[in-house]
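> The file below is entry-v1.tsv, TSV, C-alpha atoms:
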chain	number	residue	atom	x	y	z
A	1349	MET	CA	4.19	2.22	-25.28
A	1350	ALA	CA	6.92	3.07	-22.77
A	1351	LYS	CA	9.88	1.13	-21.48
A	1352	VAL	CA	9.09	0.35	-17.84
A	1353	ALA	CA	10.89	-1.32	-14.93
A	1354	PHE	CA	9.11	-2.65	-11.85
A	1355	ILE	CA	11.04	-3.44	-8.67
A	1356	GLY	CA	9.38	-5.52	-5.95
A	1357	LEU	CA	6.95	-8.31	-6.77
A	1358	GLY	CA	5.06	-8.89	-3.54
A	1359	VAL	CA	1.31	-9.40	-3.29
A	1360	MET	CA	0.82	-5.86	-4.59
A	1361	GLY	CA	3.71	-5.44	-7.01
A	1362	PHE	CA	3.27	-8.71	-8.89
A	1363	PRO	CA	-0.21	-7.87	-10.26
A	1364	MET	CA	0.55	-4.15	-10.62
A	1365	ALA	CA	3.49	-4.93	-12.89
A	1366	GLY	CA	1.21	-7.32	-14.76
A	1367	HIS	CA	-1.30	-4.55	-15.47
A	1368	LEU	CA	1.48	-2.31	-16.79
A	1369	LYS	CA	2.28	-5.06	-19.29
A	1370	THR	CA	-1.19	-6.30	-20.25
A	1371	LYS	CA	-3.45	-3.28	-19.80
A	1372	GLY	CA	-0.86	-0.56	-20.35
A	1373	GLY	CA	0.86	-2.39	-23.19
A	1374	HIS	CA	4.30	-1.36	-21.96
A	1375	ASP	CA	7.64	-3.11	-22.36
A	1376	VAL	CA	8.19	-4.23	-18.75
A	1377	THR	CA	11.33	-5.57	-17.05
A	1378	VAL	CA	11.05	-6.67	-13.42
A	1379	TYR	CA	13.40	-7.20	-10.50
A	1380	ASN	CA	12.71	-9.05	-7.26
A	1381	ARG	CA	15.04	-10.11	-4.45
A	1382	THR	CA	13.81	-13.66	-4.95
A	1383	ALA	CA	14.83	-14.27	-8.55
A	1384	GLU	CA	12.40	-17.19	-8.90
A	1385	LYS	CA	9.45	-14.85	-8.44
A	1386	ALA	CA	10.79	-12.49	-11.10
A	1387	ALA	CA	11.21	-15.43	-13.46
A	1388	ALA	CA	7.66	-16.57	-12.72
A	1389	TRP	CA	6.34	-13.08	-13.46
A	1390	ALA	CA	8.27	-12.90	-16.74
A	1391	GLU	CA	6.87	-16.26	-17.81
A	1392	LYS	CA	3.28	-15.41	-16.86
A	1393	PHE	CA	3.24	-12.00	-18.54
A	1394	ALA	CA	5.71	-12.56	-21.39
A	1395	GLY	CA	7.98	-9.90	-19.92
A	1396	LYS	CA	11.62	-9.77	-18.87
A	1397	SER	CA	13.52	-9.94	-15.60
A	1398	ALA	CA	16.88	-8.50	-14.55
A	1399	PRO	CA	19.38	-9.56	-11.85
A	1400	THR	CA	19.68	-6.12	-10.19
A	1401	PRO	CA	17.49	-3.01	-9.83
A	1402	ALA	CA	20.06	-0.98	-11.79
A	1403	GLU	CA	19.95	-3.36	-14.74
A	1404	ALA	CA	16.15	-3.46	-14.68
A	1405	ALA	CA	16.10	0.36	-14.74
A	1406	THR	CA	18.67	0.79	-17.51
A	1407	GLY	CA	17.05	2.59	-20.43
A	1408	ALA	CA	13.62	2.69	-18.76
A	1409	ASP	CA	11.34	5.71	-19.13
A	1410	PHE	CA	9.51	4.89	-15.89
A	1411	VAL	CA	10.77	2.87	-12.92
A	1412	PHE	CA	8.22	1.68	-10.35
A	1413	VAL	CA	9.14	0.47	-6.87
A	1414	CYS	CA	6.92	-1.39	-4.40
A	1415	VAL	CA	8.85	-2.81	-1.44
A	1416	GLY	CA	8.49	-3.16	2.32
A	1417	ASN	CA	9.80	-0.11	4.15
A	1418	ASP	CA	12.16	2.89	4.09
A	1419	GLU	CA	15.34	0.83	4.29
A	1420	ASP	CA	14.21	-1.58	1.56
A	1421	LEU	CA	13.38	1.45	-0.55
A	1422	ARG	CA	16.77	3.06	-0.04
A	1423	SER	CA	18.47	-0.24	-0.86
A	1424	VAL	CA	16.77	-0.80	-4.21
A	1425	THR	CA	16.96	2.83	-5.35
A	1426	SER	CA	20.16	4.48	-4.11
A	1427	GLY	CA	22.05	1.52	-2.63
A	1428	GLU	CA	24.64	-0.59	-4.42
A	1429	ASN	CA	23.16	-1.65	-7.78
A	1430	GLY	CA	20.11	0.50	-6.98
A	1431	ALA	CA	17.75	1.71	-9.69
A	1432	LEU	CA	19.04	5.29	-9.67
A	1433	HIS	CA	22.43	4.04	-10.84
A	1434	GLY	CA	20.86	2.72	-14.04
A	1435	MET	CA	18.24	5.37	-14.77
A	1436	LYS	CA	18.68	7.79	-17.64
A	1437	PRO	CA	18.22	11.59	-17.35
A	1438	GLY	CA	14.60	12.61	-17.82
A	1439	SER	CA	13.16	9.30	-16.64
A	1440	ILE	CA	10.74	9.07	-13.72
A	1441	LEU	CA	11.06	7.04	-10.52
A	1442	ILE	CA	7.61	6.22	-9.09
A	1443	ASP	CA	7.49	4.79	-5.59
A	1444	ASN	CA	4.38	2.80	-4.65
A	1445	THR	CA	5.79	1.74	-1.27
A	1446	THR	CA	4.00	2.95	1.84
A	1447	ALA	CA	6.94	4.72	3.46
A	1448	SER	CA	7.78	7.90	5.34
A	1449	ALA	CA	7.43	11.38	3.91
A	1450	GLU	CA	11.05	11.89	4.94
A	1451	VAL	CA	12.38	9.17	2.63
A	1452	ALA	CA	10.17	10.48	-0.18
A	1453	ARG	CA	11.79	13.90	0.07
A	1454	GLU	CA	15.21	12.29	0.34
A	1455	LEU	CA	14.68	10.30	-2.87
A	1456	TYR	CA	13.24	13.33	-4.65
A	1457	ALA	CA	16.52	15.16	-3.96
A	1458	ALA	CA	18.69	12.15	-4.84
A	1459	ALA	CA	16.85	11.69	-8.12
A	1460	LYS	CA	17.19	15.36	-9.04
A	1461	GLU	CA	20.96	15.13	-8.58
A	1462	LYS	CA	21.00	12.50	-11.34
A	1463	GLY	CA	18.64	14.39	-13.63
A	1464	VAL	CA	15.81	11.99	-12.79
A	1465	ASP	CA	12.30	12.91	-11.62
A	1466	PHE	CA	10.51	11.36	-8.64
A	1467	ILE	CA	6.91	10.77	-7.58
A	1468	ASP	CA	5.92	9.23	-4.24
A	1469	ALA	CA	2.77	7.27	-5.05
A	1470	PRO	CA	1.56	4.99	-2.23
A	1471	VAL	CA	-1.57	3.01	-2.98
A	1472	SER	CA	-4.75	1.96	-1.21
A	1473	GLY	CA	-7.09	-0.87	-2.13
A	1474	GLY	CA	-5.25	-3.93	-0.89
A	1475	GLN	CA	-4.40	-7.12	-2.74
A	1476	ALA	CA	-7.80	-7.28	-4.41
A	1477	GLY	CA	-7.42	-3.73	-5.69
A	1478	ALA	CA	-3.98	-4.56	-7.09
A	1479	GLU	CA	-5.21	-7.74	-8.77
A	1480	ASN	CA	-8.21	-5.97	-10.30
A	1481	GLY	CA	-6.27	-2.85	-11.30
A	1482	ILE	CA	-8.48	-0.51	-9.27
A	1483	LEU	CA	-6.10	1.00	-6.73
A	1484	THR	CA	-6.28	4.52	-5.37
A	1485	VAL	CA	-2.93	6.25	-5.88
A	1486	MET	CA	-1.90	9.29	-3.80
A	1487	CYS	CA	0.98	11.19	-5.39
A	1488	GLY	CA	3.51	13.77	-4.30
A	1489	GLY	CA	5.85	15.61	-6.62
A	1490	ASP	CA	6.05	18.20	-9.39
A	1491	GLU	CA	2.87	18.76	-11.39
A	1492	ALA	CA	4.51	18.47	-14.82
A	1493	VAL	CA	6.15	15.19	-13.83
A	1494	PHE	CA	2.87	13.88	-12.44
A	1495	GLU	CA	1.09	14.63	-15.71
A	1496	ARG	CA	3.71	12.60	-17.59
A	1497	ALA	CA	3.44	9.70	-15.16
A	1498	ARG	CA	-0.32	9.60	-14.72
A	1499	PRO	CA	-1.22	7.82	-18.00
A	1500	VAL	CA	1.19	5.02	-17.10
A	1501	ILE	CA	-0.03	4.75	-13.47
A	1502	ASP	CA	-3.60	4.52	-14.81
A	1503	ALA	CA	-2.90	0.91	-15.85
A	1504	TYR	CA	-3.38	-0.31	-12.27
A	1505	ALA	CA	-5.49	2.49	-10.81
A	1506	ARG	CA	-9.08	3.62	-10.45
A	1507	MET	CA	-8.18	6.98	-8.89
A	1508	VAL	CA	-4.93	8.91	-9.22
A	1509	GLY	CA	-4.43	12.30	-7.56
A	1510	LEU	CA	-1.58	14.77	-7.04
A	1511	MET	CA	-1.71	15.80	-3.38
A	1512	GLY	CA	1.16	18.28	-3.30
A	1513	PRO	CA	4.99	18.34	-3.41
A	1514	ALA	CA	7.26	15.39	-2.67
A	1515	GLY	CA	6.10	13.59	0.46
A	1516	ALA	CA	2.46	14.67	0.12
A	1517	GLY	CA	1.47	11.29	-1.29
A	1518	GLN	CA	2.90	9.53	1.76
A	1519	LEU	CA	1.24	12.01	4.13
A	1520	THR	CA	-2.12	11.37	2.43
A	1521	LYS	CA	-1.64	7.63	2.82
A	1522	MET	CA	-1.08	8.26	6.53
A	1523	VAL	CA	-4.46	10.02	6.71
A	1524	ASN	CA	-5.96	6.99	4.96
A	1525	GLN	CA	-4.51	4.58	7.53
A	1526	ILE	CA	-5.61	6.77	10.47
A	1527	CYS	CA	-9.18	6.69	9.18
A	1528	ILE	CA	-9.14	2.93	8.55
A	1529	ALA	CA	-7.76	2.15	12.02
A	1530	GLY	CA	-10.58	4.02	13.74
A	1531	LEU	CA	-13.26	2.60	11.44
A	1532	VAL	CA	-12.20	-1.01	11.92
A	1533	GLN	CA	-12.05	-0.67	15.69
A	1534	GLY	CA	-15.50	0.90	15.73
A	1535	LEU	CA	-16.89	-1.88	13.54
A	1536	ALA	CA	-15.25	-4.54	15.72
A	1537	GLU	CA	-16.77	-3.06	18.86
A	1538	GLY	CA	-20.19	-2.71	17.21
A	1539	LEU	CA	-20.25	-6.34	16.08
A	1540	HIS	CA	-18.96	-7.50	19.45
A	1541	PHE	CA	-21.67	-5.55	21.26
A	1542	GLY	CA	-24.36	-6.82	18.89
A	1543	LYS	CA	-23.35	-10.42	19.44
A	1544	ARG	CA	-23.33	-10.02	23.21
A	1545	ALA	CA	-26.76	-8.42	23.00
A	1546	GLY	CA	-28.12	-11.44	21.14
A	1547	LEU	CA	-28.85	-9.58	17.91
A	1548	ASP	CA	-28.84	-11.07	14.41
A	1549	ILE	CA	-25.71	-9.41	13.03
A	1550	GLU	CA	-26.77	-9.80	9.40
A	1551	LYS	CA	-30.05	-8.03	10.08
A	1552	VAL	CA	-28.29	-5.31	12.05
A	1553	VAL	CA	-25.78	-4.60	9.29
A	1554	GLU	CA	-28.45	-4.73	6.58
A	1555	VAL	CA	-30.16	-1.81	8.30
A	1556	ILE	CA	-27.33	0.32	9.67
A	1557	SER	CA	-25.10	0.00	6.58
A	1558	LYS	CA	-27.66	2.10	4.69
A	1559	GLY	CA	-27.33	4.95	7.18
A	1560	ALA	CA	-24.61	7.13	8.66
A	1561	ALA	CA	-22.74	4.13	10.12
A	1562	GLY	CA	-22.15	2.58	6.70
A	1563	SER	CA	-18.59	2.16	5.37
A	1564	TRP	CA	-16.52	0.11	2.96
A	1565	GLN	CA	-15.24	-1.89	5.93
A	1566	MET	CA	-18.78	-2.70	7.07
A	1567	GLU	CA	-19.95	-3.73	3.60
A	1568	ASN	CA	-16.88	-5.82	2.78
A	1569	ARG	CA	-15.71	-7.22	6.11
A	1570	HIS	CA	-18.69	-7.76	8.44
A	1571	LYS	CA	-19.51	-11.25	7.13
A	1572	THR	CA	-15.98	-12.58	7.52
A	1573	MET	CA	-15.57	-10.87	10.88
A	1574	ASN	CA	-18.83	-12.40	12.12
A	1575	ALA	CA	-17.57	-15.80	10.96
A	1576	GLY	CA	-14.22	-15.34	12.71
A	1577	LYS	CA	-12.29	-15.52	9.44
A	1578	TYR	CA	-9.40	-13.11	9.00
A	1579	ASP	CA	-7.51	-13.97	5.83
A	1580	PHE	CA	-9.14	-11.55	3.41
A	1581	GLY	CA	-6.89	-8.54	3.11
A	1582	PHE	CA	-4.21	-6.26	4.48
A	1583	ALA	CA	-2.16	-8.01	7.17
A	1584	VAL	CA	-1.80	-6.82	10.77
A	1585	ASP	CA	2.00	-6.73	10.45
A	1586	TRP	CA	1.69	-4.31	7.54
A	1587	MET	CA	-0.83	-2.14	9.36
A	1588	ARG	CA	1.44	-1.87	12.38
A	1589	LYS	CA	4.29	-0.84	10.10
A	1590	ASP	CA	2.08	1.86	8.58
A	1591	LEU	CA	0.77	3.08	11.93
A	1592	GLY	CA	4.35	3.29	13.19
A	1593	ILE	CA	5.10	5.66	10.31
A	1594	VAL	CA	1.96	7.65	11.15
A	1595	LEU	CA	2.80	8.01	14.84
A	1596	THR	CA	6.39	9.00	14.09
A	1597	GLU	CA	5.18	11.73	11.74
A	1598	ALA	CA	2.62	12.88	14.32
A	1599	ARG	CA	5.37	13.31	16.91
A	1600	ARG	CA	7.21	15.43	14.38
A	1601	ASN	CA	4.30	17.65	13.33
A	1602	GLY	CA	2.49	17.82	16.67
A	1603	ALA	CA	-0.72	16.10	15.57
A	1604	LYS	CA	-2.71	14.48	18.38
A	1605	LEU	CA	-3.76	10.94	17.50
A	1606	PRO	CA	-5.05	9.30	20.71
A	1607	VAL	CA	-7.38	6.81	18.99
A	1608	THR	CA	-4.77	5.79	16.42
A	1609	ALA	CA	-2.20	5.21	19.16
A	1610	VAL	CA	-4.60	2.99	21.11
A	1611	VAL	CA	-5.63	0.99	18.02
A	1612	ASP	CA	-1.94	0.47	17.21
A	1613	GLN	CA	-1.58	-1.11	20.67
A	1614	PHE	CA	-4.65	-3.26	19.98
A	1615	TYR	CA	-3.00	-4.55	16.82
A	1616	GLY	CA	0.00	-5.38	18.99
A	1617	ASP	CA	-2.34	-7.53	21.08
A	1618	VAL	CA	-3.50	-9.31	17.91
A	1619	GLN	CA	0.12	-10.00	17.00
A	1620	ALA	CA	0.64	-11.47	20.48
A	1621	MET	CA	-2.31	-13.77	19.76
A	1622	GLY	CA	-0.46	-15.08	16.69
A	1623	GLY	CA	-2.44	-12.93	14.26
A	1624	ASN	CA	0.48	-11.29	12.47
A	1625	ARG	CA	-0.84	-12.35	9.06
A	1626	TRP	CA	-4.54	-11.98	9.85
A	1627	ASP	CA	-6.23	-9.10	8.08
A	1628	THR	CA	-6.89	-5.82	9.86
A	1629	SER	CA	-10.50	-6.73	10.69
A	1630	SER	CA	-9.10	-9.16	13.27
A	1631	LEU	CA	-9.49	-6.48	15.93
A	1632	LEU	CA	-12.74	-8.34	16.66
A	1633	ALA	CA	-10.78	-11.49	17.58
A	1634	ARG	CA	-9.03	-9.49	20.31
A	1635	LEU	CA	-12.40	-8.55	21.85
A	1636	GLU	CA	-13.66	-12.12	21.68
A	1637	LYS	CA	-10.60	-13.92	23.01
Is it possible to express this structure as C-alpha cells?

Amino acid sequence: MAKVAFIGLGVMGFPMAGHLKTKGGHDVTVYNRTAEKAAAWAEKFAGKSAPTPAEAATGADFVFVCVGNDEDLRSVTSGENGALHGMKPGSILIDNTTASAEVARELYAAAKEKGVDFIDAPVSGGQAGAENGILTVMCGGDEAVFERARPVIDAYARMVGLMGPAGAGQLTKMVNQICIAGLVQGLAEGLHFGKRAGLDIEKVVEVISKGAAGSWQMENRHKTMNAGKYDFGFAVDWMRKDLGIVLTEARRNGAKLPVTAVVDQFYGDVQAMGGNRWDTSSLLARLEK
C-alpha cells in the first residue's frame, strides 16, 4: 500500500481516484477546486480530502493530477499551494490530464529541481473506461520511474505503456485523437449516406462491422447516432480542446493534418448548434441539420 494524492475529481478523476483506493488498496487523499466534491469522494470511498494541492501531496509517494488544460495543470502543480510544494524527494508526480507535450516537459524539469520524478500519463477510454477501471494509459518519462509507477497506475487501467521520454505520452494521446476524429467523421458520413439511400442502418452495420470498416466507434456508437442521441461519452468541448493541442503541435513539428483540421471545424459547427456537451459522435447531427 502506498500513500497517494489525487488532484482533480471530474468525470474521469473521481472514479480513477476511487479505483486507487478500492482496487489498489492505497491510502488516498484528494483535492478538488470544489471542496464539496472532494468531501463527497472522501465519504463515498472512506478516504481523506485536503484544502490545497500542496497539503494533499504532503508525504505522498505518488501524486496524480487530472484537470482541464495546461494552465489548470500549472496552477495545481507549480502554482501557489501547488502539489510540487508539498511533495517529498523521491516521490512521483503522474499527470493524467490531456495537455501539451510542452507542459509535460516543463513539469518534468520543475519536478527534477525538487528531487521529484514526473510521468505524463494521459488516458483514453472515456468516462465509462474510468468508471470501470479499464483505461488505456500512454506514458512519457524515465523507464525506472515508469516501472515504479506502473503497479499503482494499474488500479484504473487495462493497458499501460511507456512511449518514450517526457512528453511522449501526450504526443501519443494526440495520435489517438487524430485517429478518432477521422473515424467518427467517416462513420457519420456513412450513416448519413445510408439513411439517405433508404437502407436499414442496423442491417448495414451488422454486415460491414465484421469487415475492414469495423471499429470501436461503429460497434459502440452507431445505435445512439442512428437514434439522434448524443449524451454517451466524450464531450465536443473536450475534443475541440484536444484537437487544438494537436494542431498547435502539428504547426510546430511540420505534420500535415488536413482531415483533422477540417473535422475540428466541423466540431465548431456542432458547438454553434448548441452541442458543446454532446458526445463526439454528434458529427452526424451536423450533417442532418
> Determine the nearest neighbour of Arg1588 (chain A) from the options A:Leu1441, A:Leu1547, A:Met1573, A:Ile1526, counting only C-alpha atoms.
A:Ile1526
> CA of Ser1426 (chain A) to CA of Met1360 (chain A): how many Å, to one decimal?
21.9 Å
> Which one is closest to Pro1499 (chain A): A:Val1352, A:Gly1372, A:Ser1629, A:Leu1605? Count only C-alpha atoms.
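Smallest distance to Pro1499 (chain A) is found for A:Gly1372.
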> Name all residues at most 8 Å from Phe1580 (chain A) (count all atoms listed in the file; drop same-chain ones fewer than 3 positions away) and give them as a PDB file with C-alpha atoms, keeping the file's coordinate frame.

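Final output, out-v5.pdb:
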ATOM      1  CA  LYS A1577     -12.290 -15.520   9.440  1.00  0.00           C
ATOM      2  CA  TRP A1626      -4.540 -11.980   9.850  1.00  0.00           C
ATOM      3  CA  ASP A1627      -6.230  -9.100   8.080  1.00  0.00           C
TER       4      ASP A1627
END
> Dig up all the protein and nucleic acid residues within 9 Å of (17.4, 2.3, -5.3) in the file frame, using only C-alpha atoms, and format them as a CSV table (one decimal) with C-alpha atoms, in the frame of the given file.

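Saved the output as selection-v3.csv:
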chain,number,residue,atom,x,y,z
A,1401,PRO,CA,17.5,-3.0,-9.8
A,1402,ALA,CA,20.1,-1.0,-11.8
A,1413,VAL,CA,9.1,0.5,-6.9
A,1420,ASP,CA,14.2,-1.6,1.6
A,1421,LEU,CA,13.4,1.4,-0.6
A,1422,ARG,CA,16.8,3.1,0.0
A,1423,SER,CA,18.5,-0.2,-0.9
A,1424,VAL,CA,16.8,-0.8,-4.2
A,1425,THR,CA,17.0,2.8,-5.4
A,1426,SER,CA,20.2,4.5,-4.1
A,1427,GLY,CA,22.0,1.5,-2.6
A,1428,GLU,CA,24.6,-0.6,-4.4
A,1429,ASN,CA,23.2,-1.6,-7.8
A,1430,GLY,CA,20.1,0.5,-7.0
A,1431,ALA,CA,17.8,1.7,-9.7
A,1432,LEU,CA,19.0,5.3,-9.7
A,1433,HIS,CA,22.4,4.0,-10.8
A,1455,LEU,CA,14.7,10.3,-2.9
> Quick check, in Å to one decimal: how far apart do CA of Thr1608 (chain A) and CA of Ile1593 (chain A) lie?
11.6 Å
> Could you state the separation of CA of Gly1407 (chain A) and CA of Glu1391 (chain A) in Å, given to one decimal place?
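The value is 21.6 Å.
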> Would you please work out which residue, of A:Ala1478, A:Val1553, A:Ala1583, A:Ala1536, is nearest to Glu1636 (chain A) when using only C-alpha atoms?
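For Glu1636 (chain A), the nearest of the given residues is A:Ala1536.
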> Counting all atoms listed in the file, figure out which residue out of A:Val1555, A:Ile1440, A:Ala1447, A:Ala1505 gets nearest to Met1364 (chain A).
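For Met1364 (chain A), the nearest of the candidates is A:Ala1505.
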> So which one's closest to Gly1477 (chain A), A:Gly1358, A:Lys1543, A:Tyr1504, A:Ala1405? Using only C-alpha atoms, please.
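Closest candidate: A:Tyr1504.
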> Under the rule that only C-alpha atoms are counted, which of A:Ala1492, A:Ala1404, A:Ala1575, A:Val1376 is the nearest residue to Ile1549 (chain A)?
A:Ala1575
> Within 12 Å of (-10.8, -13.6, 24.4) (coordinates as in the file), grab all the protein and nucleic acid residues, counting all atoms listed in the file, and write them out as a list in words.
His1540, Asp1617, Val1618, Met1621, Leu1631, Leu1632, Ala1633, Arg1634, Leu1635, Glu1636 and Lys1637 of chain A
> Which residues, written as number ranges by chain, have at least one atom at most 12 Å from Asp1612 (chain A), with all atoms listed in the file counted and residues fewer than 6 positions away on the same chain left out?
A: 1525-1526, 1528-1530, 1532-1533, 1584-1595, 1605-1606, 1618-1619, 1628, 1631
> Can you pull out the residues contacting Thr1377 (chain A)? Cut-off 6 Å, using only C-alpha atoms, and skip same-chain residues under 5 positions away; I want them as an mmCIF file with C-alpha atoms, in the coordinates of the input.

data_model
loop_
_atom_site.group_PDB
_atom_site.id
_atom_site.type_symbol
_atom_site.label_atom_id
_atom_site.label_comp_id
_atom_site.auth_asym_id
_atom_site.auth_seq_id
_atom_site.Cartn_x
_atom_site.Cartn_y
_atom_site.Cartn_z
ATOM 1 C CA ALA A 1353 10.890 -1.320 -14.930
ATOM 2 C CA LYS A 1396 11.620 -9.770 -18.870
ATOM 3 C CA SER A 1397 13.520 -9.940 -15.600
ATOM 4 C CA ALA A 1404 16.150 -3.460 -14.680
#
> Padding 6 Å on every side, please: axis-aligned box over the listed atoms of region 1580-1585 of chain A, centre and edge lengths to one decimal in Å, as JSON.

{"center_x": -3.6, "center_y": -8.9, "center_z": 6.9, "size_x": 23.1, "size_y": 17.3, "size_z": 19.7}
> Just region 1595-1606 of chain A from the block, N, CA, C and O atoms, as a tab-separated table (two decimals), in the first residue's frame, could you?

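The result, written out as result07.tsv:
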chain	number	residue	atom	x	y	z
A	1595	LEU	N	-3.29	20.43	-33.26
A	1595	LEU	CA	-2.98	21.30	-34.39
A	1595	LEU	C	-1.85	22.27	-34.06
A	1595	LEU	O	-1.04	22.61	-34.93
A	1596	THR	N	-1.76	22.68	-32.80
A	1596	THR	CA	-0.63	23.51	-32.37
A	1596	THR	C	0.67	22.74	-32.48
A	1596	THR	O	1.69	23.26	-32.97
A	1597	GLU	N	0.67	21.50	-32.03
A	1597	GLU	CA	1.87	20.67	-32.12
A	1597	GLU	C	2.24	20.40	-33.58
A	1597	GLU	O	3.41	20.38	-33.93
A	1598	ALA	N	1.22	20.19	-34.43
A	1598	ALA	CA	1.49	19.94	-35.85
A	1598	ALA	C	2.15	21.15	-36.51
A	1598	ALA	O	3.04	21.00	-37.35
A	1599	ARG	N	1.73	22.34	-36.13
A	1599	ARG	CA	2.38	23.54	-36.67
A	1599	ARG	C	3.83	23.61	-36.23
A	1599	ARG	O	4.69	24.07	-36.97
A	1600	ARG	N	4.09	23.10	-35.04
A	1600	ARG	CA	5.46	23.12	-34.53
A	1600	ARG	C	6.34	22.09	-35.24
A	1600	ARG	O	7.48	22.38	-35.62
A	1601	ASN	N	5.80	20.85	-35.42
A	1601	ASN	CA	6.65	19.79	-35.96
A	1601	ASN	C	6.52	19.58	-37.47
A	1601	ASN	O	7.21	18.74	-38.05
A	1602	GLY	N	5.63	20.35	-38.11
A	1602	GLY	CA	5.51	20.29	-39.55
A	1602	GLY	C	4.61	19.19	-40.08
A	1602	GLY	O	4.53	18.98	-41.30
A	1603	ALA	N	3.91	18.48	-39.20
A	1603	ALA	CA	2.99	17.43	-39.66
A	1603	ALA	C	1.83	18.05	-40.43
A	1603	ALA	O	1.33	19.12	-40.08
A	1604	LYS	N	1.39	17.36	-41.46
A	1604	LYS	CA	0.25	17.81	-42.28
A	1604	LYS	C	-1.00	17.04	-41.86
A	1604	LYS	O	-1.05	15.82	-42.01
A	1605	LEU	N	-1.98	17.76	-41.35
A	1605	LEU	CA	-3.19	17.13	-40.82
A	1605	LEU	C	-4.45	17.76	-41.43
A	1605	LEU	O	-5.28	18.34	-40.74
A	1606	PRO	N	-4.63	17.64	-42.75
A	1606	PRO	CA	-5.77	18.31	-43.39
A	1606	PRO	C	-7.13	17.80	-42.91
A	1606	PRO	O	-8.05	18.58	-42.71
